Amino acid sequence: MFSDRINTIFRSLKYRNYRLFFSGQSLSLIGTWMQRIALPWLVYHMTGSAFLLGVVSFAGQIPTFILSPFAGVLTDRFNRYKVLLLTQILSLVQASILAILALTGTIEIWHIVTLSILIGCINAFDVPSRHSFVIEMIEKKEDLGNAIALNSLMFNGARIIGPSIAGLMLATAGEGICFLLNAVSYIFVIASLFMMKLRPRELPRKKIHLLKELREGLVYTFGFAPIKHLILLLAVVSLMGSSYQVLMPVFAKEVLHGGSETFGFLMGAAGLGALLGAIFLASRESVLKLGRIIPAAAGLFGAGLIVLSFLKVFPVTLVLMVLIGVGLMLHTASSNTILQTITDDDKRGRVMSFYTMAIMGTAPFGSLLAGFLAKYIGAPYTILVGGLACVAGALIFFRKLPALKNIVRPVYVKMGIIPEVATGIQTASEPEAKQSEML
């Protein structure tokens, strides 16, 4: 029984290409998280300026917001495998330059800002191409949801392991070693990409102007109600809710009266919750009824933030952070799965670029908004406002869910993505029964 459950959770690893991708990316993400921890530590060590910490963070995030729509067009125009390979090589170069500058003691703050902008530009192309590429590695579309869940599992596993290694390296060897190990980690994912054997994807022959393709993607994304409402809820949760992470150091110190270890435990608990959420999604055998999880998960996340804003007891807060991590992960990964499932393949890159904008592109603005509000009303009330916004968004989406089911059902039937859907439609005696098997 237990072995069957394990096989279900990791069933996408039966595909050779995805297995290579999973192994290489797992190592690379550990390196990525090491760099994410070491870089702000280095900035603060060099300057002692919280303002410059914000500048570096903003510099690394804003290119994603600006470039993602154009990156989506290029992802649809060109071979996604080659785009992904190029972004991994460029990421290797960026990490190597950072490591050399840090290890030689010649690094300056303008180097860090410039290299942060560079990695932000690379990520703008990397994220939509990586998300869009998953479907090309999975031979059976019914396993797509499992592969996306495993991606989340991989990301959050690295989110726990990477910072732990980074903490040890920072204490013993310095920031430069963290950057160097990140650069080395990219070798594994690049090697895994070279080892893949892929079926050639038919690329569109008619090339129109880039801005026209961008407009086409925009009209498709926000003209199709299910995609539009998924993207909008993601944007609300990211803008108003996910920025709670920016305030966690303040919350740990001012509210819980703890130190760096308190902050580390809080973020680790959120990471554990995200890992548990990813395992739950990976254990599901199909994407049926996945849409119901989206408003429930967004509501859980928002409600968790609301309760968090009133808590002052560390052990209870720690448990709550696990639930917050679960809610955020279930919402994000479930939305990703449905978007990938219902999107036309020739527009997948553009849709996933708007997904990237909703999650990563809104982050710098959410951080600025959180910092502004916290200055005037305090961190707890800022977290409360974010939680209320997430709950409101979840309720609006829940009210629209029946109508969205009606729209999505014929799309699933036409595409034949999930065999169980067709069977359910043929055997159900009532339209409501048919609809309930979908989102």
# chains A, B, ... in the order shown; residues from 1 in each chain; ligands from 1

call {"tool": "closest_atom_pairs", "arguments": {"of": "segment 29-52 of chain A", "to": "segment 78-98 of chain A", "cutoff": "10 Å", "atoms": "only C-alpha atoms", "output": "CSV"}}
result
residue,atom,partner,partner_atom,distance
A:Gly31,CA,A:Ala95,CA,9.7
A:Thr32,CA,A:Ala95,CA,9.2
A:Gln35,CA,A:Ala95,CA,8.3
A:Leu39,CA,A:Leu98,CA,9.5

call {"tool": "write_last_selection", "arguments": {"atoms": "C-alpha atoms", "output": "PDB file, in the first residue's frame"}}
result
ATOM      1  CA  GLY A  31      22.651  26.092  -5.508  1.00  0.00           C
ATOM      2  CA  THR A  32      20.117  28.771  -6.425  1.00  0.00           C
ATOM      3  CA  GLN A  35      22.951  32.176  -3.672  1.00  0.00           C
ATOM      4  CA  LEU A  39      23.650  37.552  -1.653  1.00  0.00           C
TER       5      LEU A  39
END

call {"tool": "closest_atom_pairs", "arguments": {"of": "segment 71-117 of chain A", "to": "segment 50-54 of chain A", "cutoff": "12 Å", "atoms": "only C-alpha atoms", "output": "CSV"}}
result
residue,atom,partner,partner_atom,distance
A:Ile109,CA,A:Leu52,CA,8.6
A:Trp110,CA,A:Leu52,CA,10.4
A:Ile112,CA,A:Leu52,CA,10.4
A:Val113,CA,A:Leu52,CA,9.2
A:Ser116,CA,A:Leu53,CA,11.5

call {"tool": "residues_around", "arguments": {"residues": "Leu323 of chain A", "least_positions_apart": "6", "cutoff": "10 Å", "atoms": "only C-alpha atoms", "output": "ChimeraX atom specification"}}
result
/A:269-270,272-274,276-277,297,300-301,303-305,317,329

call {"tool": "write_last_selection", "arguments": {"atoms": "C-alpha atoms", "output": "compact mmCIF listing (two decimals), in the first residue's frame"}}
result
# COMPACT_ATOMS: atom_id res chain seq x y z
CA ALA A 269 8.12 26.03 8.82
CA ALA A 270 6.61 27.76 5.77
CA LEU A 272 7.89 22.53 5.30
CA GLY A 273 4.25 23.40 4.70
CA ALA A 274 4.95 24.04 1.02
CA LEU A 276 3.72 18.90 2.37
CA GLY A 277 1.38 20.66 -0.07
CA ALA A 297 -6.05 27.08 -0.66
CA LEU A 300 -6.47 29.04 3.86
CA PHE A 301 -3.42 31.16 3.08
CA ALA A 303 -6.94 33.17 6.87
CA GLY A 304 -3.52 32.03 8.10
CA LEU A 305 -2.14 35.53 7.57
CA THR A 317 3.07 30.82 15.19
CA MET A 329 1.76 26.04 -2.39

call {"tool": "residues_around", "arguments": {"residues": "Met248 of chain A", "least_positions_apart": "2", "cutoff": "9 Å", "atoms": "only C-alpha atoms", "output": "MDAnalysis selection string"}}
result
chainID A and resid 244:246 250:253 263 266:267 379

call {"tool": "write_last_selection", "arguments": {"atoms": "N, CA and C atoms", "output": "PDB file, in the first residue's frame"}}
result
ATOM      1  N   TYR A 244       4.299  38.941   2.726  1.00  0.00           N
ATOM      2  CA  TYR A 244       4.474  38.751   4.171  1.00  0.00           C
ATOM      3  C   TYR A 244       5.901  38.308   4.490  1.00  0.00           C
ATOM      4  N   GLN A 245       6.552  37.630   3.531  1.00  0.00           N
ATOM      5  CA  GLN A 245       7.904  37.138   3.749  1.00  0.00           C
ATOM      6  C   GLN A 245       8.882  38.283   3.977  1.00  0.00           C
ATOM      7  N   VAL A 246       8.618  39.434   3.332  1.00  0.00           N
ATOM      8  CA  VAL A 246       9.475  40.604   3.500  1.00  0.00           C
ATOM      9  C   VAL A 246       9.440  41.096   4.944  1.00  0.00           C
ATOM     10  N   VAL A 250      11.091  41.461  10.601  1.00  0.00           N
ATOM     11  CA  VAL A 250      10.538  42.441  11.532  1.00  0.00           C
ATOM     12  C   VAL A 250       9.596  41.752  12.520  1.00  0.00           C
ATOM     13  N   PHE A 251       8.750  40.852  12.004  1.00  0.00           N
ATOM     14  CA  PHE A 251       7.793  40.139  12.849  1.00  0.00           C
ATOM     15  C   PHE A 251       8.520  39.291  13.889  1.00  0.00           C
ATOM     16  N   ALA A 252       9.580  38.612  13.442  1.00  0.00           N
ATOM     17  CA  ALA A 252      10.341  37.755  14.355  1.00  0.00           C
ATOM     18  C   ALA A 252      10.986  38.567  15.476  1.00  0.00           C
ATOM     19  N   LYS A 253      11.493  39.748  15.146  1.00  0.00           N
ATOM     20  CA  LYS A 253      12.206  40.551  16.136  1.00  0.00           C
ATOM     21  C   LYS A 253      11.272  41.379  17.004  1.00  0.00           C
ATOM     22  N   PHE A 263      13.613  33.825  13.027  1.00  0.00           N
ATOM     23  CA  PHE A 263      13.286  34.063  11.623  1.00  0.00           C
ATOM     24  C   PHE A 263      13.524  32.808  10.785  1.00  0.00           C
ATOM     25  N   LEU A 266      10.785  30.228  11.379  1.00  0.00           N
ATOM     26  CA  LEU A 266       9.518  30.624  10.764  1.00  0.00           C
ATOM     27  C   LEU A 266       9.516  30.324   9.269  1.00  0.00           C
ATOM     28  N   MET A 267      10.582  30.712   8.584  1.00  0.00           N
ATOM     29  CA  MET A 267      10.649  30.480   7.140  1.00  0.00           C
ATOM     30  C   MET A 267      10.805  28.991   6.839  1.00  0.00           C
ATOM     31  N   ALA A 379       3.931  46.045  11.105  1.00  0.00           N
ATOM     32  CA  ALA A 379       3.987  44.771  10.383  1.00  0.00           C
ATOM     33  C   ALA A 379       2.744  43.906  10.609  1.00  0.00           C
TER      34      ALA A 379
END

call {"tool": "closest_atom_pairs", "arguments": {"of": "segment 334-409 of chain A", "to": "segment 56-77 of chain A", "cutoff": "8 Å", "atoms": "only C-alpha atoms", "output": "tab-separated table"}}
result
residue	atom	partner	partner_atom	distance
A:Asp346	CA	A:Asp76	CA	6.0
A:Lys347	CA	A:Asp76	CA	6.3
A:Arg348	CA	A:Asp76	CA	6.8
A:Gly349	CA	A:Gly72	CA	4.5
A:Arg350	CA	A:Gly72	CA	3.8
A:Val351	CA	A:Gly72	CA	7.1
A:Met352	CA	A:Gly72	CA	6.9
A:Ser353	CA	A:Gly72	CA	4.9
A:Phe354	CA	A:Pro69	CA	6.4
A:Thr356	CA	A:Ser68	CA	6.9
A:Met357	CA	A:Phe65	CA	5.3
A:Met360	CA	A:Thr64	CA	6.8
A:Gly361	CA	A:Phe65	CA	3.9
A:Thr362	CA	A:Phe65	CA	6.9
A:Ala363	CA	A:Gln61	CA	7.1
A:Pro364	CA	A:Phe58	CA	5.5

call {"tool": "write_last_selection", "arguments": {"atoms": "C-alpha atoms", "output": "compact mmCIF listing (two decimals), in the first residue's frame"}}
result
# COMPACT_ATOMS: atom_id res chain seq x y z
CA ASP A 346 0.95 27.52 -29.51
CA LYS A 347 0.11 30.11 -26.83
CA ARG A 348 1.50 28.24 -23.82
CA GLY A 349 4.64 30.35 -23.51
CA ARG A 350 2.68 33.61 -23.52
CA VAL A 351 0.16 32.37 -20.95
CA MET A 352 2.95 31.12 -18.69
CA SER A 353 4.68 34.48 -19.04
CA PHE A 354 1.59 36.13 -17.56
CA THR A 356 5.25 34.43 -14.17
CA MET A 357 4.26 38.10 -14.04
CA MET A 360 7.18 36.96 -9.63
CA GLY A 361 6.51 40.23 -11.46
CA THR A 362 4.21 41.58 -8.76
CA ALA A 363 6.71 40.69 -6.01
CA PRO A 364 8.75 43.93 -6.13

call {"tool": "select_by_dssp", "arguments": {"residues": "segment 124-299 of chain A", "states": "helix (DSSP H, G or I)", "output": "VMD selection string"}}
result
chain A and resid 124 to 137 141 to 172 175 to 194 210 to 223 225 to 242 244 to 255 260 to 283 290 to 299

call {"tool": "closest_residue", "arguments": {"among": "A:Thr262, A:Asn182, A:Thr332, A:Gln340", "to": "Ala38 of chain A", "atoms": "only C-alpha atoms"}}
result
A:Asn182

call {"tool": "residues_around", "arguments": {"residues": "Met196 of chain A", "least_positions_apart": "6", "cutoff": "9 Å", "atoms": "only C-alpha atoms", "output": "ChimeraX atom specification"}}
result
/A:16-18,20-21

call {"tool": "write_last_selection", "arguments": {"atoms": "C-alpha atoms", "output": "JSON list (two decimals), in the first residue's frame"}}
result
[["chain", "number", "residue", "atom", "x", "y", "z"],
["A", 16, "ARG", "CA", 13.39, 9.46, -19.10],
["A", 17, "ASN", "CA", 13.50, 13.11, -20.12],
["A", 18, "TYR", "CA", 11.63, 14.28, -17.06],
["A", 20, "LEU", "CA", 16.90, 13.75, -16.21],
["A", 21, "PHE", "CA", 15.33, 17.16, -15.77]]

call {"tool": "residues_around", "arguments": {"residues": "Ser309 of chain A", "least_positions_apart": "6", "cutoff": "10 Å", "atoms": "only C-alpha atoms", "output": "VMD selection string"}}
result
chain A and resid 251 255 317 379 to 387

call {"tool": "closest_residue", "arguments": {"among": "A:Phe397, A:Phe222, A:Phe188, A:Phe10", "to": "Tyr355 of chain A", "atoms": "only C-alpha atoms"}}
result
A:Phe222

call {"tool": "residues_around", "arguments": {"residues": "Leu395 of chain A", "least_positions_apart": "6", "cutoff": "12 Å", "atoms": "only C-alpha atoms", "output": "PDB file with N, CA and C atoms, in the first residue's frame"}}
result
ATOM      1  N   LEU A 233      -6.312  35.965  -9.636  1.00  0.00           N
ATOM      2  CA  LEU A 233      -6.221  35.539  -8.238  1.00  0.00           C
ATOM      3  C   LEU A 233      -4.770  35.320  -7.835  1.00  0.00           C
ATOM      4  N   ARG A 292     -11.366  23.153  -7.312  1.00  0.00           N
ATOM      5  CA  ARG A 292     -11.954  23.412  -6.003  1.00  0.00           C
ATOM      6  C   ARG A 292     -10.890  23.739  -4.962  1.00  0.00           C
ATOM      7  N   ILE A 294      -8.258  25.523  -5.449  1.00  0.00           N
ATOM      8  CA  ILE A 294      -7.680  26.858  -5.636  1.00  0.00           C
ATOM      9  C   ILE A 294      -8.282  27.897  -4.687  1.00  0.00           C
ATOM     10  N   PRO A 295      -9.604  28.108  -4.665  1.00  0.00           N
ATOM     11  CA  PRO A 295     -10.121  29.093  -3.708  1.00  0.00           C
ATOM     12  C   PRO A 295      -9.957  28.653  -2.260  1.00  0.00           C
ATOM     13  N   ALA A 296     -10.047  27.334  -2.016  1.00  0.00           N
ATOM     14  CA  ALA A 296      -9.862  26.834  -0.646  1.00  0.00           C
ATOM     15  C   ALA A 296      -8.443  27.114  -0.153  1.00  0.00           C
ATOM     16  N   ALA A 297      -7.451  26.873  -1.040  1.00  0.00           N
ATOM     17  CA  ALA A 297      -6.053  27.084  -0.660  1.00  0.00           C
ATOM     18  C   ALA A 297      -5.750  28.571  -0.479  1.00  0.00           C
ATOM     19  N   ALA A 298      -6.255  29.414  -1.400  1.00  0.00           N
ATOM     20  CA  ALA A 298      -6.052  30.860  -1.264  1.00  0.00           C
ATOM     21  C   ALA A 298      -6.718  31.376   0.006  1.00  0.00           C
ATOM     22  N   GLY A 299      -7.909  30.814   0.316  1.00  0.00           N
ATOM     23  CA  GLY A 299      -8.599  31.199   1.544  1.00  0.00           C
ATOM     24  C   GLY A 299      -7.838  30.757   2.786  1.00  0.00           C
ATOM     25  N   LEU A 300      -7.275  29.538   2.741  1.00  0.00           N
ATOM     26  CA  LEU A 300      -6.466  29.041   3.862  1.00  0.00           C
ATOM     27  C   LEU A 300      -5.249  29.929   4.078  1.00  0.00           C
ATOM     28  N   GLY A 302      -4.878  33.118   3.168  1.00  0.00           N
ATOM     29  CA  GLY A 302      -5.309  34.418   3.667  1.00  0.00           C
ATOM     30  C   GLY A 302      -5.735  34.362   5.126  1.00  0.00           C
ATOM     31  N   ALA A 303      -6.496  33.321   5.479  1.00  0.00           N
ATOM     32  CA  ALA A 303      -6.938  33.172   6.866  1.00  0.00           C
ATOM     33  C   ALA A 303      -5.745  32.968   7.795  1.00  0.00           C
ATOM     34  N   LEU A 388      -6.679  39.671   4.481  1.00  0.00           N
ATOM     35  CA  LEU A 388      -8.053  40.020   4.106  1.00  0.00           C
ATOM     36  C   LEU A 388      -8.216  40.100   2.590  1.00  0.00           C
ATOM     37  N   ALA A 389      -7.219  40.659   1.908  1.00  0.00           N
ATOM     38  CA  ALA A 389      -7.274  40.751   0.447  1.00  0.00           C
ATOM     39  C   ALA A 389      -7.282  39.364  -0.194  1.00  0.00           C
ATOM     40  N   LEU A 401     -16.741  30.039  -9.710  1.00  0.00           N
ATOM     41  CA  LEU A 401     -16.319  28.680 -10.049  1.00  0.00           C
ATOM     42  C   LEU A 401     -17.351  27.898 -10.852  1.00  0.00           C
TER      43      LEU A 401
END

call {"tool": "decode", "arguments": {"residues": "segment 276-363 of chain A", "atoms": "C-alpha atoms", "output": "short mmCIF file (atom, residue, chain, number, x, y, z; two decimals), in the first residue's frame"}}
result
data_model
loop_
_atom_site.label_atom_id
_atom_site.label_comp_id
_atom_site.auth_asym_id
_atom_site.auth_seq_id
_atom_site.Cartn_x
_atom_site.Cartn_y
_atom_site.Cartn_z
CA LEU A 276 3.72 18.90 2.37
CA GLY A 277 1.38 20.66 -0.07
CA ALA A 278 3.51 19.56 -3.01
CA ILE A 279 3.49 15.95 -1.78
CA PHE A 280 -0.32 16.06 -1.50
CA LEU A 281 -0.69 17.31 -5.07
CA ALA A 282 1.79 14.75 -6.38
CA SER A 283 -0.22 11.97 -4.71
CA ARG A 284 -3.37 12.90 -6.66
CA GLU A 285 -3.99 10.59 -9.59
CA SER A 286 -5.60 13.18 -11.89
CA VAL A 287 -6.44 16.88 -12.19
CA LEU A 288 -10.14 16.25 -11.67
CA LYS A 289 -11.74 18.60 -9.12
CA LEU A 290 -8.43 20.44 -8.80
CA GLY A 291 -10.16 23.79 -9.31
CA ARG A 292 -11.95 23.41 -6.00
CA ILE A 293 -8.61 23.43 -4.23
CA ILE A 294 -7.68 26.86 -5.64
CA PRO A 295 -10.12 29.09 -3.71
CA ALA A 296 -9.86 26.83 -0.65
CA ALA A 297 -6.05 27.08 -0.66
CA ALA A 298 -6.05 30.86 -1.26
CA GLY A 299 -8.60 31.20 1.54
CA LEU A 300 -6.47 29.04 3.86
CA PHE A 301 -3.42 31.16 3.08
CA GLY A 302 -5.31 34.42 3.67
CA ALA A 303 -6.94 33.17 6.87
CA GLY A 304 -3.52 32.03 8.10
CA LEU A 305 -2.14 35.53 7.57
CA ILE A 306 -5.09 37.07 9.42
CA VAL A 307 -4.53 34.82 12.45
CA LEU A 308 -0.77 35.37 12.23
CA SER A 309 -1.23 39.12 12.58
CA PHE A 310 -2.70 38.59 16.07
CA LEU A 311 -0.31 35.94 17.37
CA LYS A 312 2.55 36.59 19.77
CA VAL A 313 3.34 33.01 20.90
CA PHE A 314 6.22 31.42 19.00
CA PRO A 315 5.20 27.70 19.06
CA VAL A 316 1.67 28.49 17.84
CA THR A 317 3.07 30.82 15.19
CA LEU A 318 5.37 28.04 14.00
CA VAL A 319 2.43 25.66 13.45
CA LEU A 320 0.49 28.38 11.68
CA MET A 321 3.41 29.04 9.32
CA VAL A 322 3.19 25.42 8.19
CA LEU A 323 -0.48 25.95 7.25
CA ILE A 324 0.38 29.20 5.48
CA GLY A 325 3.02 27.35 3.46
CA VAL A 326 0.53 24.61 2.58
CA GLY A 327 -2.09 27.12 1.42
CA LEU A 328 0.28 29.13 -0.76
CA MET A 329 1.76 26.04 -2.39
CA LEU A 330 -1.59 24.37 -3.12
CA HIS A 331 -2.92 27.56 -4.67
CA THR A 332 0.12 28.24 -6.86
CA ALA A 333 0.74 24.68 -8.09
CA SER A 334 -2.95 23.90 -8.66
CA SER A 335 -3.34 27.06 -10.74
CA ASN A 336 -0.23 26.14 -12.72
CA THR A 337 -1.61 22.67 -13.47
CA ILE A 338 -4.98 23.90 -14.74
CA LEU A 339 -3.37 26.67 -16.80
CA GLN A 340 -1.03 24.17 -18.45
CA THR A 341 -3.94 21.81 -19.08
CA ILE A 342 -6.42 24.19 -20.75
CA THR A 343 -3.97 26.40 -22.68
CA ASP A 344 -3.44 25.93 -26.43
CA ASP A 345 0.10 24.72 -27.06
CA ASP A 346 0.95 27.52 -29.51
CA LYS A 347 0.11 30.11 -26.83
CA ARG A 348 1.50 28.24 -23.82
CA GLY A 349 4.64 30.35 -23.51
CA ARG A 350 2.68 33.61 -23.52
CA VAL A 351 0.16 32.37 -20.95
CA MET A 352 2.95 31.12 -18.69
CA SER A 353 4.68 34.48 -19.04
CA PHE A 354 1.59 36.13 -17.56
CA TYR A 355 1.64 33.43 -14.87
CA THR A 356 5.25 34.43 -14.17
CA MET A 357 4.26 38.10 -14.04
CA ALA A 358 1.43 37.34 -11.62
CA ILE A 359 3.72 35.45 -9.23
CA MET A 360 7.18 36.96 -9.63
CA GLY A 361 6.51 40.23 -11.46
CA THR A 362 4.21 41.58 -8.76
CA ALA A 363 6.71 40.69 -6.01
#
